[in-house]
Each structure stands twice: as structure tokens, then as C-alpha cells.
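Next comes data.pdb, with PDB, C-alpha atoms.
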MODEL        1
ATOM      1  CA  MET A   1       0.000   0.000   0.000
ATOM      2  CA  ILE A   2       1.329   3.438  -0.929
ATOM      3  CA  LYS A   3       1.763   5.704   2.105
ATOM      4  CA  ALA A   4       4.036   8.425   0.677
ATOM      5  CA  VAL A   5       4.258  10.298  -2.623
ATOM      6  CA  CYS A   6       7.447  12.197  -3.439
ATOM      7  CA  PHE A   7       7.990  14.655  -6.261
ATOM      8  CA  ASP A   8      10.829  16.234  -8.156
ATOM      9  CA  LEU A   9      10.569  20.042  -8.217
ATOM     10  CA  HIS A  10      11.894  21.470 -11.498
ATOM     11  CA  GLU A  11       9.783  20.522 -14.541
ATOM     12  CA  THR A  12       7.565  18.323 -12.357
ATOM     13  CA  LEU A  13       5.835  20.662  -9.920
ATOM     14  CA  ALA A  14       7.235  23.959 -11.188
ATOM     15  CA  HIS A  15       9.007  25.504 -14.160
ATOM     16  CA  TYR A  16      10.684  28.671 -15.345
ATOM     17  CA  GLN A  17       8.428  31.037 -17.276
ATOM     18  CA  PRO A  18       9.565  31.889 -19.835
ATOM     19  CA  PRO A  19      11.808  28.794 -20.071
ATOM     20  CA  ARG A  20      15.326  29.705 -19.061
ATOM     21  CA  GLU A  21      16.826  28.249 -22.248
ATOM     22  CA  GLU A  22      14.775  30.773 -24.231
ATOM     23  CA  VAL A  23      15.919  33.623 -21.985
ATOM     24  CA  TYR A  24      19.571  32.634 -22.432
ATOM     25  CA  ALA A  25      19.142  32.186 -26.204
ATOM     26  CA  THR A  26      17.569  35.647 -26.507
ATOM     27  CA  ALA A  27      20.371  37.245 -24.476
ATOM     28  CA  CYS A  28      22.961  35.588 -26.713
ATOM     29  CA  HIS A  29      21.142  36.714 -29.860
ATOM     30  CA  GLU A  30      21.130  40.320 -28.646
ATOM     31  CA  LEU A  31      24.920  40.102 -28.409
ATOM     32  CA  GLY A  32      25.276  38.617 -31.888
ATOM     33  CA  LEU A  33      25.695  35.026 -30.728
ATOM     34  CA  GLU A  34      23.443  32.328 -32.162
ATOM     35  CA  VAL A  35      22.644  29.351 -29.971
ATOM     36  CA  SER A  36      19.449  27.342 -30.037
ATOM     37  CA  PRO A  37      17.142  26.883 -27.032
ATOM     38  CA  GLU A  38      17.300  23.134 -27.712
ATOM     39  CA  ALA A  39      21.089  23.109 -27.257
ATOM     40  CA  LEU A  40      20.761  25.150 -24.063
ATOM     41  CA  ARG A  41      18.049  22.834 -22.758
ATOM     42  CA  LYS A  42      20.680  20.090 -22.746
ATOM     43  CA  SER A  43      23.656  22.132 -21.576
ATOM     44  CA  LEU A  44      22.062  24.073 -18.698
ATOM     45  CA  PRO A  45      21.496  20.932 -16.581
ATOM     46  CA  GLN A  46      25.177  20.083 -17.075
ATOM     47  CA  ALA A  47      26.073  23.534 -15.770
ATOM     48  CA  ASP A  48      23.695  22.944 -12.849
ATOM     49  CA  VAL A  49      25.716  19.859 -11.914
ATOM     50  CA  TRP A  50      28.907  21.950 -11.908
ATOM     51  CA  TRP A  51      27.197  24.552  -9.705
ATOM     52  CA  ARG A  52      26.031  21.983  -7.149
ATOM     53  CA  GLU A  53      29.464  20.347  -6.944
ATOM     54  CA  GLU A  54      31.106  23.736  -6.498
ATOM     55  CA  ASN A  55      28.552  24.642  -3.865
ATOM     56  CA  TYR A  56      29.252  21.430  -1.924
ATOM     57  CA  ARG A  57      32.938  22.334  -1.924
ATOM     58  CA  SER A  58      32.252  25.813  -0.553
ATOM     59  CA  PRO A  59      28.800  27.479  -0.329
ATOM     60  CA  ILE A  60      28.778  30.040  -3.144
ATOM     61  CA  GLY A  61      26.333  32.361  -1.409
ATOM     62  CA  LYS A  62      28.762  32.786   1.496
ATOM     63  CA  ARG A  63      31.817  33.608  -0.614
ATOM     64  CA  PRO A  64      33.234  37.144  -0.971
ATOM     65  CA  PRO A  65      31.565  39.088  -3.816
ATOM     66  CA  LYS A  66      34.513  38.678  -6.205
ATOM     67  CA  GLU A  67      34.582  34.892  -5.767
ATOM     68  CA  ARG A  68      30.798  34.663  -5.958
ATOM     69  CA  ASN A  69      30.747  36.583  -9.231
ATOM     70  CA  ALA A  70      33.499  34.356 -10.589
ATOM     71  CA  ALA A  71      31.328  31.326  -9.854
ATOM     72  CA  TYR A  72      28.394  32.828 -11.772
ATOM     73  CA  ILE A  73      30.664  33.515 -14.741
ATOM     74  CA  GLU A  74      32.062  29.989 -14.682
ATOM     75  CA  TYR A  75      28.509  28.652 -14.611
ATOM     76  CA  GLY A  76      27.698  30.663 -17.735
ATOM     77  CA  LEU A  77      30.868  29.510 -19.457
ATOM     78  CA  THR A  78      30.018  25.887 -18.662
ATOM     79  CA  ALA A  79      26.485  26.260 -20.017
ATOM     80  CA  LEU A  80      27.630  27.852 -23.273
ATOM     81  CA  ARG A  81      30.575  25.489 -23.697
ATOM     82  CA  GLY A  82      28.063  22.631 -23.589
ATOM     83  CA  THR A  83      26.425  24.044 -26.720
ATOM     84  CA  GLY A  84      29.767  24.251 -28.536
ATOM     85  CA  LEU A  85      30.020  28.020 -28.035
ATOM     86  CA  GLU A  86      33.331  29.351 -26.707
ATOM     87  CA  VAL A  87      33.132  32.956 -25.466
ATOM     88  CA  SER A  88      35.120  35.256 -23.208
ATOM     89  CA  ARG A  89      34.356  35.911 -19.567
ATOM     90  CA  ASP A  90      33.388  39.480 -20.490
ATOM     91  CA  ILE A  91      30.767  38.216 -22.945
ATOM     92  CA  VAL A  92      29.368  35.799 -20.349
ATOM     93  CA  THR A  93      29.101  38.690 -17.903
ATOM     94  CA  GLN A  94      27.056  40.642 -20.462
ATOM     95  CA  ILE A  95      24.800  37.614 -21.074
ATOM     96  CA  LEU A  96      24.192  37.133 -17.360
ATOM     97  CA  MET A  97      23.394  40.831 -16.951
ATOM     98  CA  LYS A  98      20.688  40.424 -19.595
ATOM     99  CA  VAL A  99      19.342  37.188 -18.068
ATOM    100  CA  PHE A 100      19.158  38.204 -14.428
ATOM    101  CA  PRO A 101      18.015  41.865 -14.130
ATOM    102  CA  ASP A 102      14.443  40.805 -13.402
ATOM    103  CA  GLY A 103      15.342  37.293 -12.331
ATOM    104  CA  LEU A 104      14.092  34.049 -13.814
ATOM    105  CA  LYS A 105      10.496  33.573 -12.716
ATOM    106  CA  PHE A 106       9.773  30.175 -11.192
ATOM    107  CA  GLU A 107       6.105  29.186 -11.077
ATOM    108  CA  LEU A 108       3.937  26.148 -10.447
ATOM    109  CA  TYR A 109       2.255  24.117 -13.134
ATOM    110  CA  ASP A 110      -1.509  24.525 -12.946
ATOM    111  CA  ASP A 111      -2.005  20.920 -11.827
ATOM    112  CA  ALA A 112       0.512  21.036  -8.953
ATOM    113  CA  LEU A 113      -1.532  22.417  -6.054
ATOM    114  CA  PRO A 114      -4.767  20.581  -6.988
ATOM    115  CA  THR A 115      -2.836  17.302  -7.030
ATOM    116  CA  LEU A 116      -1.093  17.972  -3.721
ATOM    117  CA  LYS A 117      -4.412  18.954  -2.138
ATOM    118  CA  LEU A 118      -6.063  15.775  -3.397
ATOM    119  CA  LEU A 119      -3.263  13.585  -2.071
ATOM    120  CA  LYS A 120      -3.200  15.425   1.256
ATOM    121  CA  GLU A 121      -6.919  14.780   1.661
ATOM    122  CA  ARG A 122      -6.136  11.077   1.291
ATOM    123  CA  ASN A 123      -3.768  11.372   4.269
ATOM    124  CA  LEU A 124      -0.699  10.543   2.212
ATOM    125  CA  ILE A 125       2.756  11.689   3.286
ATOM    126  CA  LEU A 126       4.046  14.197   0.724
ATOM    127  CA  GLY A 127       7.601  15.250   0.047
ATOM    128  CA  ILE A 128      10.058  16.682  -2.466
ATOM    129  CA  ILE A 129      13.356  15.148  -3.560
ATOM    130  CA  SER A 130      15.306  17.638  -5.639
ATOM    131  CA  ASN A 131      18.761  18.237  -7.053
ATOM    132  CA  VAL A 132      19.401  21.845  -6.069
ATOM    133  CA  GLY A 133      22.548  23.698  -5.087
ATOM    134  CA  GLN A 134      21.124  26.009  -2.465
ATOM    135  CA  GLU A 135      18.663  26.274   0.416
ATOM    136  CA  VAL A 136      15.179  26.328  -1.110
ATOM    137  CA  ALA A 137      12.749  26.567   1.811
ATOM    138  CA  SER A 138      11.863  30.110   0.753
ATOM    139  CA  ILE A 139      11.098  28.884  -2.783
ATOM    140  CA  TYR A 140       8.646  26.303  -1.452
ATOM    141  CA  GLN A 141       7.048  28.973   0.710
ATOM    142  CA  ASN A 142       6.757  31.481  -2.143
ATOM    143  CA  LEU A 143       5.234  28.874  -4.446
ATOM    144  CA  GLY A 144       2.634  27.928  -1.840
ATOM    145  CA  LEU A 145       3.893  24.352  -1.492
ATOM    146  CA  GLN A 146       4.786  24.390   2.187
ATOM    147  CA  PRO A 147       1.293  23.683   3.628
ATOM    148  CA  TYR A 148       1.137  20.424   1.672
ATOM    149  CA  LEU A 149       4.619  19.086   2.350
ATOM    150  CA  ASN A 150       5.648  16.794   5.177
ATOM    151  CA  PHE A 151       9.316  16.970   4.234
ATOM    152  CA  GLN A 152      11.846  18.105   1.646
ATOM    153  CA  VAL A 153      15.184  16.509   0.812
ATOM    154  CA  THR A 154      17.671  18.294  -1.426
ATOM    155  CA  SER A 155      21.070  17.431  -2.807
ATOM    156  CA  PHE A 156      22.312  20.614  -1.104
ATOM    157  CA  GLU A 157      21.696  19.195   2.360
ATOM    158  CA  VAL A 158      22.402  15.519   1.660
ATOM    159  CA  GLY A 159      25.569  16.090  -0.343
ATOM    160  CA  CYS A 160      24.715  13.838  -3.282
ATOM    161  CA  ASP A 161      22.622  14.196  -6.434
ATOM    162  CA  LYS A 162      19.960  11.954  -7.872
ATOM    163  CA  PRO A 163      20.244   9.141  -8.921
ATOM    164  CA  HIS A 164      22.565   8.430  -5.972
ATOM    165  CA  PRO A 165      20.744   6.153  -3.489
ATOM    166  CA  GLY A 166      21.626   8.441  -0.586
ATOM    167  CA  ILE A 167      19.154  11.182  -1.453
ATOM    168  CA  PHE A 168      16.276   8.709  -1.884
ATOM    169  CA  LEU A 169      17.137   6.847   1.315
ATOM    170  CA  ALA A 170      17.189  10.156   3.186
ATOM    171  CA  ALA A 171      13.670  10.853   1.904
ATOM    172  CA  LEU A 172      12.405   7.440   3.027
ATOM    173  CA  GLU A 173      13.863   8.099   6.463
ATOM    174  CA  ARG A 174      12.101  11.477   6.645
ATOM    175  CA  ALA A 175       8.817   9.934   5.491
ATOM    176  CA  GLN A 176       9.265   6.998   7.902
ATOM    177  CA  VAL A 177       8.031   4.499   5.334
ATOM    178  CA  ASN A 178       9.511   1.465   3.613
ATOM    179  CA  ALA A 179      10.634   1.815   0.004
ATOM    180  CA  GLU A 180       7.757  -0.261  -1.356
ATOM    181  CA  GLU A 181       5.320   2.087   0.405
ATOM    182  CA  ALA A 182       6.554   5.140  -1.508
ATOM    183  CA  ILE A 183       6.181   6.363  -5.079
ATOM    184  CA  TYR A 184       8.320   8.997  -6.777
ATOM    185  CA  VAL A 185       7.303  11.278  -9.645
ATOM    186  CA  GLY A 186       9.910  13.019 -11.798
ATOM    187  CA  ASP A 187      10.552  14.189 -15.347
ATOM    188  CA  GLN A 188      13.961  12.607 -16.002
ATOM    189  CA  TYR A 189      14.231   8.871 -16.549
ATOM    190  CA  ASP A 190      17.940   8.486 -15.737
ATOM    191  CA  LEU A 191      17.821  10.560 -12.559
ATOM    192  CA  ASP A 192      14.311  10.074 -11.231
ATOM    193  CA  VAL A 193      13.035   6.689 -12.359
ATOM    194  CA  VAL A 194      16.352   4.851 -12.195
ATOM    195  CA  GLY A 195      17.268   6.463  -8.880
ATOM    196  CA  ALA A 196      13.966   5.742  -7.162
ATOM    197  CA  ARG A 197      13.764   2.165  -8.388
ATOM    198  CA  GLY A 198      17.358   1.640  -7.319
ATOM    199  CA  VAL A 199      16.286   1.807  -3.662
ATOM    200  CA  GLY A 200      13.033  -0.101  -4.176
ATOM    201  CA  MET A 201      10.602   2.795  -4.584
ATOM    202  CA  LYS A 202       7.954   2.782  -7.280
ATOM    203  CA  ALA A 203       8.576   5.427  -9.943
ATOM    204  CA  VAL A 204       6.439   7.350 -12.416
ATOM    205  CA  LEU A 205       7.770   9.497 -15.254
ATOM    206  CA  ILE A 206       5.879  12.707 -15.935
ATOM    207  CA  ASP A 207       6.144  13.513 -19.633
ATOM    208  CA  ARG A 208       4.083  16.660 -20.104
ATOM    209  CA  ASN A 209       4.968  17.126 -23.765
ATOM    210  CA  ASP A 210       4.969  13.458 -24.789
ATOM    211  CA  SER A 211       8.713  13.660 -25.432
ATOM    212  CA  PHE A 212       9.578  10.094 -24.360
ATOM    213  CA  PRO A 213       7.201   7.660 -26.063
ATOM    214  CA  GLU A 214      10.043   5.132 -26.267
ATOM    215  CA  ILE A 215      10.077   4.706 -22.490
ATOM    216  CA  THR A 216       7.736   1.836 -21.724
ATOM    217  CA  ASP A 217       9.271   0.133 -18.689
ATOM    218  CA  CYS A 218       7.649   2.503 -16.180
ATOM    219  CA  PRO A 219       4.321   4.318 -15.877
ATOM    220  CA  ARG A 220       4.312   7.553 -17.908
ATOM    221  CA  ILE A 221       1.817  10.334 -17.212
ATOM    222  CA  HIS A 222       1.131  13.693 -18.856
ATOM    223  CA  ARG A 223      -0.483  15.497 -15.922
ATOM    224  CA  LEU A 224       0.135  15.178 -12.196
ATOM    225  CA  THR A 225      -3.500  14.357 -11.465
ATOM    226  CA  GLU A 226      -2.968  11.019 -13.231
ATOM    227  CA  ILE A 227      -0.793   9.861 -10.338
ATOM    228  CA  VAL A 228      -3.932   8.809  -8.461
ATOM    229  CA  GLU A 229      -4.233   5.785 -10.771
ATOM    230  CA  TYR A 230      -0.965   4.375  -9.406
ATOM    231  CA  LEU A 231      -1.675   4.650  -5.681
ATOM    232  CA  LEU A 232      -3.582   1.401  -5.374
ATOM    233  CA  PRO A 233      -1.752  -1.677  -4.031
TER
ENDMDL
END
Write the structure described by the file as C-alpha cells, please.
Amino acid sequence: MIKAVCFDLHETLAHYQPPREEVYATACHELGLEVSPEALRKSLPQADVWWREENYRSPIGKRPPKERNAAYIEYGLTALRGTGLEVSRDIVTQILMKVFPDGLKFELYDDALPTLKLLKERNLILGIISNVGQEVASIYQNLGLQPYLNFQVTSFEVGCDKPHPGIFLAALERAQVNAEEAIYVGDQYDLDVVGARGVGMKAVLIDRNDSFPEITDCPRIHRLTEIVEYLLP
């Protein structure tokens, strides 16, 4: 019997609007650099991994301003290098200044809160397991997620990223359930499905845009509300 439902955050419960790859591509275009949003969609997560590893080594937010700025620039260089674009640090600084003046807006999908409310009414334990490189309690609060969550586990606090078993085991400990009593919903097969199943949890892939029809070895849903179908024993 399922007692706990855990979710990924980015591209599962919430997303950037407009998508950050489009914001970066527009900033590059304004500086005469052509890079596709599709290429950035693949390279930005690679840069995110660099950021988290660097943050584990020494929290970036607590560094002196010069070192903190250097980390932001290196992040931008890593993201653009992943698309095959080699640029100077000065150009990356200009790109970041175009990307971040108003900040990247992070907002919930329209099915997120209704789904969490429905599951909460069924007395299920609800949590988030997310690869992030910083403290995110304020993000959960601003998005309105906090009233529905029993716990949150992040790579920032655990010190390892999905699909490492450690982050999933930490979530099971917080939920105080056995692995077979928990189900995990995420948008990335290699990180979310493989990671959750690796510790014995059930896993569901959310594929909002029907991008992964070839994946047939796990349940695949298009909206979060469909998760209810997989909560039966």
C-alpha cells in the first residue's frame, strides 16, 4: 500500500516562465551570438551539476563578492561550452546581466496544487526530492507548497545528487516508510526513475509534452493528477 508520494521540483511541480533556455538564447542573440534553445536545454542541466558540486565544496552564497561573481561567470561559461560556443568571460558577464536583471520567474504548473491537495486529503505523506545547489525553503514557501509538504530533501543538504541512493534513502527516512510504500514522480528517466527504483521505490515518469514515447518500462503520465491511478496496491 502506498503511504508516501514524493515529487521532483523542477519541470515536475514547477518551471521557469519563460523557459530559461529561451531567456539565455535571446540574451545571446542580442549580443550577436546564435545558440538554439534546444542546445541550451541540454547544456544548462550540465552547468547545474557543476554549480552543485562547487557549492558542496564551498557554499557560493557565502563567498566574498569577487569569488561569488566568478562562480556565476564559470557557470555561464560551462552552459555555453556545452552548446559548442566558446566565449570570453566578459561576454558571459554581459549575457548574465541580460538574463538576471528581473530574475528568472519560477512558477507552479496549474495541476501542482490541486494534485497535492487531493493527495493530502487522502492522508498521504508528501515530500520533495530535488537536485538543487542552495537552500530552497523560501522557494517552497513562495510557491505555496509548504502547507502540503511533510518533508523536503535536497542534494544541497544531503551532499549527493539523484540518482545516488543516498538522497532517496534520506527521503524514506524522513517519510518513515519502507521503500515499497513510496512512489516517486519526476521528469527525467535516468535521474528520477532509475534512482527511485534503485532503492526499491515505485517510480512514475511525468512527460508533459509526450517527449519520451520510447520509455515503456515505467508508468508515464502527462499530468500530475494522473498519479492517483498508481496509488492502489
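Here atom CA of Glu30 of chain A is placed at a distance of 16.5 Å from atom CA of Glu86 of chain A.
Taking only C-alpha atoms into account, the residues near (24.0, 30.4, -31.0), no farther than 9 Å, are A:Ala25, A:Cys28, A:His29, A:Gly32, A:Leu33, A:Glu34, A:Val35, A:Ser36, A:Pro37, A:Ala39, A:Leu80, A:Thr83, A:Gly84, A:Leu85.
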- [ ] Would you list the contacts of segment 50-58 of chain A as a ChimeraX atom specification, taking every protein, DNA or RNA residue within 10 Å and counting all atoms listed in the file, but skipping same-chain residues closer than 6 positions in sequence?
- [x] /A:44,71-72,74-75,78-79,131-134,155-161
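Of note, atom CA of Ala70 of chain A and atom CA of His10 of chain A are spaced 25.2 Å apart.
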TODO: Run the PyMOL selection byres ((chain A and resi 232) around 8) on the file and write out the hits as JSON, numbers by chain.
DONE: {"A": [1, 2, 229, 230, 231, 233]}
TODO: Rank nothing, just name the residue among A:Tyr16, A:Phe212, A:Phe7, A:Tyr24 nearest to Phe100 of chain A, using only C-alpha atoms.
DONE: A:Tyr24
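Taking atom CA of Gln46 of chain A as the reference point, atom CA of Gly82 of chain A is found at 7.6 Å.
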Open item on the list: Could you check the closest approach to Gln17 of chain A for each of A:Arg174, A:Arg197, A:His222, A:Lys105 and tell me which residue wins, using all atoms listed in the file?
Closed with: A:Lys105
